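**Student:** Input file: model23.cif. Contents: mmCIF, C-alpha atoms.
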data_run
#
loop_
_atom_site.group_PDB
_atom_site.id
_atom_site.type_symbol
_atom_site.label_atom_id
_atom_site.label_comp_id
_atom_site.auth_asym_id
_atom_site.auth_seq_id
_atom_site.Cartn_x
_atom_site.Cartn_y
_atom_site.Cartn_z
ATOM 1 C CA MET I 1 10.963 -46.470 -121.127
ATOM 2 C CA ALA I 2 10.039 -49.653 -122.964
ATOM 3 C CA PRO I 3 12.850 -52.126 -123.671
ATOM 4 C CA THR I 4 13.941 -52.237 -127.270
ATOM 5 C CA ALA I 5 14.918 -55.369 -129.148
ATOM 6 C CA LYS I 6 18.571 -54.480 -128.615
ATOM 7 C CA ASN I 7 18.135 -54.164 -124.833
ATOM 8 C CA ARG I 8 16.217 -57.434 -124.540
ATOM 9 C CA MET I 9 18.963 -59.399 -126.257
ATOM 10 C CA ARG I 10 21.539 -59.162 -123.454
ATOM 11 C CA PRO I 11 21.284 -58.657 -119.713
ATOM 12 C CA PRO I 12 22.279 -55.290 -118.271
ATOM 13 C CA GLY I 13 25.950 -54.987 -117.412
ATOM 14 C CA ILE I 14 27.104 -57.432 -120.094
ATOM 15 C CA ARG I 15 29.419 -55.763 -122.590
ATOM 16 C CA ARG I 16 29.250 -56.719 -126.200
ATOM 17 C CA ILE I 17 32.556 -58.101 -127.448
ATOM 18 C CA LYS I 18 33.504 -56.671 -130.806
ATOM 19 C CA ARG I 19 35.369 -59.083 -133.021
ATOM 20 C CA ASN I 20 38.119 -57.794 -135.203
ATOM 21 C CA PRO I 21 38.610 -60.100 -138.184
ATOM 22 C CA LEU I 22 42.086 -58.739 -138.928
ATOM 23 C CA LYS I 23 43.243 -59.369 -135.375
ATOM 24 C CA GLN I 24 41.738 -62.857 -135.384
ATOM 25 C CA THR I 25 43.408 -63.647 -138.711
ATOM 26 C CA ALA I 26 46.816 -62.429 -137.506
ATOM 27 C CA LEU I 27 46.505 -64.547 -134.345
ATOM 28 C CA LEU I 28 45.441 -67.553 -136.405
ATOM 29 C CA TYR I 29 48.441 -67.178 -138.711
ATOM 30 C CA LEU I 30 50.705 -66.842 -135.674
ATOM 31 C CA ARG I 31 49.257 -70.028 -134.212
ATOM 32 C CA GLU I 32 49.733 -71.900 -137.480
ATOM 33 C CA ALA I 33 53.338 -70.662 -137.757
ATOM 34 C CA LEU I 34 54.065 -71.817 -134.219
ATOM 35 C CA LEU I 35 52.498 -75.217 -134.754
ATOM 36 C CA GLY I 36 54.387 -75.596 -138.032
ATOM 37 C CA GLU I 37 57.609 -74.475 -136.318
ATOM 38 C CA ASN I 38 58.054 -71.597 -138.808
ATOM 39 C CA TYR I 39 59.687 -69.398 -136.209
ATOM 40 C CA GLU I 40 61.267 -67.027 -138.725
ATOM 41 C CA THR I 41 57.834 -65.523 -139.511
ATOM 42 C CA CYS I 42 56.601 -65.287 -135.910
ATOM 43 C CA ALA I 43 58.114 -61.870 -135.127
ATOM 44 C CA GLU I 44 56.412 -60.304 -138.122
ATOM 45 C CA LEU I 45 53.093 -61.981 -137.309
ATOM 46 C CA ILE I 46 53.298 -60.765 -133.702
ATOM 47 C CA GLU I 47 53.779 -57.201 -134.969
ATOM 48 C CA PHE I 48 50.764 -57.564 -137.290
ATOM 49 C CA ALA I 49 48.652 -58.906 -134.435
ATOM 50 C CA LYS I 50 49.663 -55.982 -132.202
ATOM 51 C CA GLU I 51 48.961 -53.512 -134.994
ATOM 52 C CA PHE I 52 45.452 -54.913 -135.430
ATOM 53 C CA GLY I 53 44.662 -54.750 -131.715
ATOM 54 C CA ALA I 54 45.766 -58.038 -130.150
ATOM 55 C CA ASP I 55 46.365 -57.807 -126.425
ATOM 56 C CA ARG I 56 49.578 -58.950 -124.807
ATOM 57 C CA PHE I 57 47.878 -61.883 -123.065
ATOM 58 C CA GLU I 58 46.420 -63.138 -126.367
ATOM 59 C CA ILE I 59 49.869 -63.337 -127.933
ATOM 60 C CA GLU I 60 51.481 -64.794 -124.808
ATOM 61 C CA SER I 61 48.846 -67.506 -124.558
ATOM 62 C CA LEU I 62 49.755 -68.656 -128.077
ATOM 63 C CA LEU I 63 53.468 -68.548 -127.337
ATOM 64 C CA GLU I 64 53.039 -70.528 -124.128
ATOM 65 C CA ASP I 65 50.578 -73.085 -125.506
ATOM 66 C CA PRO I 66 51.356 -76.417 -123.773
ATOM 67 C CA ARG I 67 50.124 -78.386 -126.794
ATOM 68 C CA ARG I 68 53.172 -77.249 -128.757
ATOM 69 C CA MET I 69 55.923 -79.719 -128.049
ATOM 70 C CA PRO I 70 59.402 -78.902 -129.338
ATOM 71 C CA SER I 71 60.697 -81.529 -131.711
ATOM 72 C CA LEU I 72 63.800 -83.265 -130.423
#
Could I get this file's structure written as structure tokens?

**Tutor:**
Amino acid sequence: MAPTAKNRMRPPGIRRIKRNPLKQTALLYLREALLGENYETCAELIEFAKEFGADRFEIESLLEDPRRMPSL
């Protein structure tokens, strides 16, 4: 069987990652809310992100981002 253009593009065993624009947007809005310290909207944004397919580790990594310093 001759390789097709699709098969030549990526090595065997490499999965193609599908990007979900709604999930990415929800995570981006969550990040912006966290950086802007708009905590009252975070719960709703987390639910949106989960609804659109965000994994637990993706949300937790935003919540535990060391670059966010609490204002004193």

**Student:** Selection in question (the file shown): the PyMOL selection byres ((chain I and resi 38-42) around 12). Which residues does it include, as a ChimeraX atom specification?

**Tutor:** /I:26-37,43-49,59,62-63,70

**Student:** Enclose the full set of atoms of stretch 46-53 of chain I listed in the file within a box whose edges lie along x, y and z, apply 5 Å of padding to each of the six sides, and report centre and edge lengths in Å to one decimal as AutoDock Vina command-line options.

**Tutor:**
--center_x 49.2 --center_y -57.1 --center_z -134.5 --size_x 19.1 --size_y 17.3 --size_z 15.6

**Student:** Which value, in Å to one decimal, gives the distance between atom CA of I:Asp55 and atom CA of I:Arg67?

**Tutor:** 20.9 Å

**Student:** Please compute the atom CA of I:Arg19-atom CA of I:Ala54 distance, one decimal, in Å.

**Tutor:**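 The value is 10.8 Å.
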